[in-house]
>>> print(open('work.pdb').read())   # PDB, C-alpha atoms
ATOM      1  CA  MET A  23      76.272-136.695 -23.748
ATOM      2  CA  LYS A  24      75.402-137.214 -27.397
ATOM      3  CA  THR A  25      74.556-140.758 -28.400
ATOM      4  CA  ILE A  26      76.310-142.113 -31.457
ATOM      5  CA  GLU A  27      74.679-144.953 -33.337
ATOM      6  CA  PRO A  28      76.909-147.967 -33.991
ATOM      7  CA  ASN A  29      78.272-148.150 -37.547
ATOM      8  CA  SER A  30      77.001-144.665 -38.341
ATOM      9  CA  LEU A  31      78.839-142.036 -40.304
ATOM     10  CA  GLU A  32      79.329-140.199 -37.014
ATOM     11  CA  ALA A  33      81.051-143.296 -35.593
ATOM     12  CA  VAL A  34      83.444-143.292 -38.561
ATOM     13  CA  VAL A  35      84.158-139.582 -38.064
ATOM     14  CA  LEU A  36      84.739-140.129 -34.339
ATOM     15  CA  PHE A  37      87.183-142.947 -35.068
ATOM     16  CA  THR A  38      89.004-140.734 -37.566
ATOM     17  CA  LEU A  39      89.280-137.912 -35.025
ATOM     18  CA  TYR A  40      90.430-140.428 -32.402
ATOM     19  CA  ILE A  41      93.287-141.623 -34.616
ATOM     20  CA  CYS A  42      94.220-138.049 -35.580
ATOM     21  CA  ALA A  43      94.287-137.042 -31.901
ATOM     22  CA  GLN A  44      96.933-139.588 -30.941
ATOM     23  CA  ASP A  45      99.751-137.069 -31.337
ATOM     24  CA  GLY A  46      97.926-134.773 -28.891
ATOM     25  CA  ASN A  47      96.522-132.490 -31.575
ATOM     26  CA  ILE A  48      93.968-132.639 -34.350
ATOM     27  CA  SER A  49      95.497-130.348 -36.943
ATOM     28  CA  ASP A  50      93.663-128.052 -39.321
ATOM     29  CA  GLU A  51      95.096-130.126 -42.180
ATOM     30  CA  GLU A  52      93.614-133.307 -40.727
ATOM     31  CA  LEU A  53      90.219-131.635 -40.328
ATOM     32  CA  ALA A  54      90.381-130.329 -43.900
ATOM     33  CA  GLU A  55      91.216-133.808 -45.206
ATOM     34  CA  LEU A  56      88.343-135.315 -43.235
ATOM     35  CA  SER A  57      86.015-132.661 -44.679
ATOM     36  CA  ALA A  58      87.228-133.506 -48.174
ATOM     37  CA  GLU A  59      86.591-137.225 -47.556
ATOM     38  CA  LEU A  60      83.033-136.704 -46.345
ATOM     39  CA  PRO A  61      81.322-137.003 -49.772
ATOM     40  CA  VAL A  62      83.061-140.344 -50.335
ATOM     41  CA  LEU A  63      82.112-141.531 -46.853
ATOM     42  CA  LYS A  64      78.493-140.539 -47.436
ATOM     43  CA  LYS A  65      78.485-142.441 -50.742
ATOM     44  CA  LEU A  66      79.960-145.566 -49.148
ATOM     45  CA  TYR A  67      77.428-145.399 -46.342
ATOM     46  CA  PHE A  68      74.640-145.124 -48.911
ATOM     47  CA  ASP A  69      76.067-148.100 -50.828
ATOM     48  CA  PHE A  70      76.236-150.213 -47.651
ATOM     49  CA  TYR A  71      72.926-149.305 -46.064
ATOM     50  CA  GLY A  72      70.831-147.624 -48.780
ATOM     51  CA  GLU A  73      70.498-144.607 -46.532
ATOM     52  CA  PHE A  74      71.550-141.100 -47.478
ATOM     53  CA  ILE A  75      73.082-139.194 -44.598
ATOM     54  CA  ASP A  76      73.141-135.435 -44.630
ATOM     55  CA  PHE A  77      74.489-133.480 -41.684
ATOM     56  CA  ASP A  78      76.355-130.323 -40.860
ATOM     57  CA  LEU A  79      79.993-131.413 -40.707
ATOM     58  CA  LYS A  80      81.064-128.447 -38.586
ATOM     59  CA  GLN A  81      78.409-129.237 -35.997
ATOM     60  CA  VAL A  82      79.247-132.944 -35.997
ATOM     61  CA  LEU A  83      82.968-132.227 -35.623
ATOM     62  CA  SER A  84      82.246-129.836 -32.770
ATOM     63  CA  ASP A  85      79.986-132.347 -31.000
ATOM     64  CA  LEU A  86      82.419-135.230 -31.454
ATOM     65  CA  TYR A  87      85.432-133.167 -30.424
ATOM     66  CA  GLU A  88      83.590-132.193 -27.240
ATOM     67  CA  LEU A  89      82.719-135.841 -26.644
ATOM     68  CA  MET A  90      86.408-136.766 -26.871
ATOM     69  CA  GLN A  91      87.471-134.357 -24.108
ATOM     70  CA  PRO A  92      89.729-134.712 -22.342
ATOM     71  CA  ILE A  93      91.748-136.047 -25.256
ATOM     72  CA  SER A  94      94.469-137.315 -22.907
ATOM     73  CA  GLN A  95      92.170-140.185 -21.854
ATOM     74  CA  LEU A  96      92.159-141.453 -25.452
ATOM     75  CA  THR A  97      95.808-140.876 -26.290
ATOM     76  CA  LYS A  98      97.707-143.129 -23.946
ATOM     77  CA  ALA A  99     100.470-145.276 -25.477
ATOM     78  CA  LYS A 100      98.474-148.487 -25.014
ATOM     79  CA  VAL A 101      94.814-148.992 -25.805
ATOM     80  CA  THR A 102      92.876-148.820 -22.546
ATOM     81  CA  ASN A 103      89.831-150.911 -21.696
ATOM     82  CA  GLU A 104      87.683-147.792 -21.985
ATOM     83  CA  GLU A 105      89.027-147.030 -25.473
ATOM     84  CA  SER A 106      88.532-150.588 -26.589
ATOM     85  CA  THR A 107      84.982-150.702 -25.257
ATOM     86  CA  LEU A 108      84.119-147.389 -26.906
ATOM     87  CA  ILE A 109      85.525-148.201 -30.334
ATOM     88  CA  GLU A 110      84.262-151.791 -30.366
ATOM     89  CA  SER A 111      80.757-150.619 -29.473
ATOM     90  CA  LEU A 112      80.725-147.979 -32.232
ATOM     91  CA  LEU A 113      82.250-149.952 -35.094
ATOM     92  CA  THR A 114      80.917-153.507 -35.253
ATOM     93  CA  ASP A 115      80.351-154.010 -38.993
ATOM     94  CA  PRO A 116      83.514-155.167 -40.815
ATOM     95  CA  LYS A 117      82.648-153.046 -43.872
ATOM     96  CA  VAL A 118      82.321-149.925 -41.743
ATOM     97  CA  GLN A 119      85.506-150.811 -39.857
ATOM     98  CA  ASP A 120      87.342-150.916 -43.210
ATOM     99  CA  VAL A 121      85.945-147.516 -44.173
ATOM    100  CA  ALA A 122      86.876-146.082 -40.765
ATOM    101  CA  LEU A 123      90.436-147.355 -41.129
ATOM    102  CA  LEU A 124      90.750-145.874 -44.624
ATOM    103  CA  ALA A 125      89.360-142.503 -43.550
ATOM    104  CA  ALA A 126      91.529-142.374 -40.429
ATOM    105  CA  ARG A 127      94.710-143.299 -42.268
ATOM    106  CA  SER A 128      94.062-140.715 -44.955
ATOM    107  CA  ALA A 129      93.266-137.881 -42.533
ATOM    108  CA  ALA A 130      96.032-138.692 -40.042
ATOM    109  CA  SER A 131      98.712-139.000 -42.706
ATOM    110  CA  ILE A 132      97.948-135.640 -44.350
ATOM    111  CA  ASP A 133     100.336-133.919 -41.913
ATOM    112  CA  SER A 134     102.684-136.911 -41.665
ATOM    113  CA  LEU A 135     101.487-139.991 -39.830
ATOM    114  CA  GLN A 136     102.922-139.647 -36.341
ATOM    115  CA  LYS A 137     104.280-142.622 -34.416
ATOM    116  CA  GLN A 138     101.411-142.525 -31.907
ATOM    117  CA  GLU A 139      98.785-142.287 -34.660
ATOM    118  CA  GLU A 140     100.322-145.202 -36.523
ATOM    119  CA  ALA A 141     100.489-147.334 -33.364
ATOM    120  CA  LYS A 142      96.764-146.948 -32.627
ATOM    121  CA  TYR A 143      95.882-147.374 -36.307
ATOM    122  CA  ASN A 144      97.911-150.603 -36.426
ATOM    123  CA  TYR A 145      96.249-151.835 -33.241
ATOM    124  CA  TRP A 146      92.767-151.546 -34.770
ATOM    125  CA  PHE A 147      93.957-152.817 -38.135
ATOM    126  CA  LYS A 148      95.105-156.018 -36.423
ATOM    127  CA  ALA A 149      92.168-156.209 -34.000
ATOM    128  CA  TRP A 150      89.709-156.135 -36.888
ATOM    129  CA  GLY A 151      91.654-158.731 -38.842
ATOM    130  CA  VAL A 152      92.276-156.562 -41.862
TER     131      VAL A 152
END
>>> encode(input="work.pdb", output="structure tokens")
Amino acid sequence: MKTIEPNSLEAVVLFTLYICAQDGNISDEELAELSAELPVLKKLYFDFYGEFIDFDLKQVLSDLYELMQPISQLTKAKVTNEESTLIESLLTDPKVQDVALLAARSAASIDSLQKQEEAKYNYWFKAWGV
């Protein structure tokens, strides 16, 4: 299994995909919106850490999507202990948590923010004290 560094751009992308997957499907529109957000995410990451990140988005999306299988384990109505442990271990920096929430909300709402997506988004919004 691929290792994802905490507070990395990959962790933000994984969180975004996780929120988008809550309705049981990551739509093409959501993926397109995430792709469009990537330059902004890279810039924010550079501003926070002084490190320029360059990667192949298609490869990263493919790797992260594979990591999330089966999606049903991450899309239950309530946040499971496994979900909580995963997300809390990947996003520990409050600045990166804010960016992850912004990216996830933007991508998930492009095809209408579904009830399940909003519920998980709101959970993390509250958990991180935003």
>>> axis_aligned_box(input="work.pdb", around="segment 29-38 of chain A", padding_each_side="4 Å", output="AutoDock Vina command-line options")
--center_x 83.0 --center_y -143.9 --center_z -37.3 --size_x 20.0 --size_y 16.6 --size_z 14.0
>>> closest_residue(input="work.pdb", among="A:Ala129, A:Leu113, A:Lys148, A:Ala122", to="Glu27 of chain A", atoms="all atoms listed in the file")
A:Leu113
>>> closest_residue(input="work.pdb", among="A:Asn47, A:Thr97, A:Gln81, A:Thr114", to="Ala130 of chain A", atoms="only C-alpha atoms")
A:Asn47
>>> residues_around(input="work.pdb", residues="Val121 of chain A", least_positions_apart="3", cutoff="8 Å", atoms="all atoms listed in the file", output="PyMOL selection string")
chain A and resi 34+63+117-118+124-125
>>> resolve_selection(input="work.pdb", expression="the PyMOL selection byres ((chain A and resi 64) around 12)", output="PyMOL selection string")
chain A and resi 30-32+34-35+56-63+65-77+79+118+121+125
>>> atom_distance(input="work.pdb", atom1="atom CA of Ala43 of chain A", atom2="atom CA of Ser106 of chain A")
15.6 Å
>>> atom_distance(input="work.pdb", atom1="atom CA of Ile132 of chain A", atom2="atom CA of Cys42 of chain A")
9.8 Å
>>> resolve_selection(input="work.pdb", expression="the PyMOL selection byres ((chain A and resi 96) around 12)", output="PyMOL selection string")
chain A and resi 36-37+39-47+87+89-95+97-109+138-139+142
>>> atom_distance(input="work.pdb", atom1="atom CA of Trp146 of chain A", atom2="atom CA of Pro116 of chain A")
11.6 Å
>>> resolve_selection(input="work.pdb", expression="the PyMOL selection byres ((chain A and resi 112) around 6)", output="PyMOL selection string")
chain A and resi 28-29+33+109-111+113
>>> residues_around(input="work.pdb", residues="Asp133 of chain A", least_positions_apart="5", cutoff="8 Å", atoms="all atoms listed in the file", output="CSV table (one decimal) with C-alpha atoms, keeping the file's coordinate frame")
chain,number,residue,atom,x,y,z
A,49,SER,CA,95.5,-130.3,-36.9
A,51,GLU,CA,95.1,-130.1,-42.2
A,52,GLU,CA,93.6,-133.3,-40.7
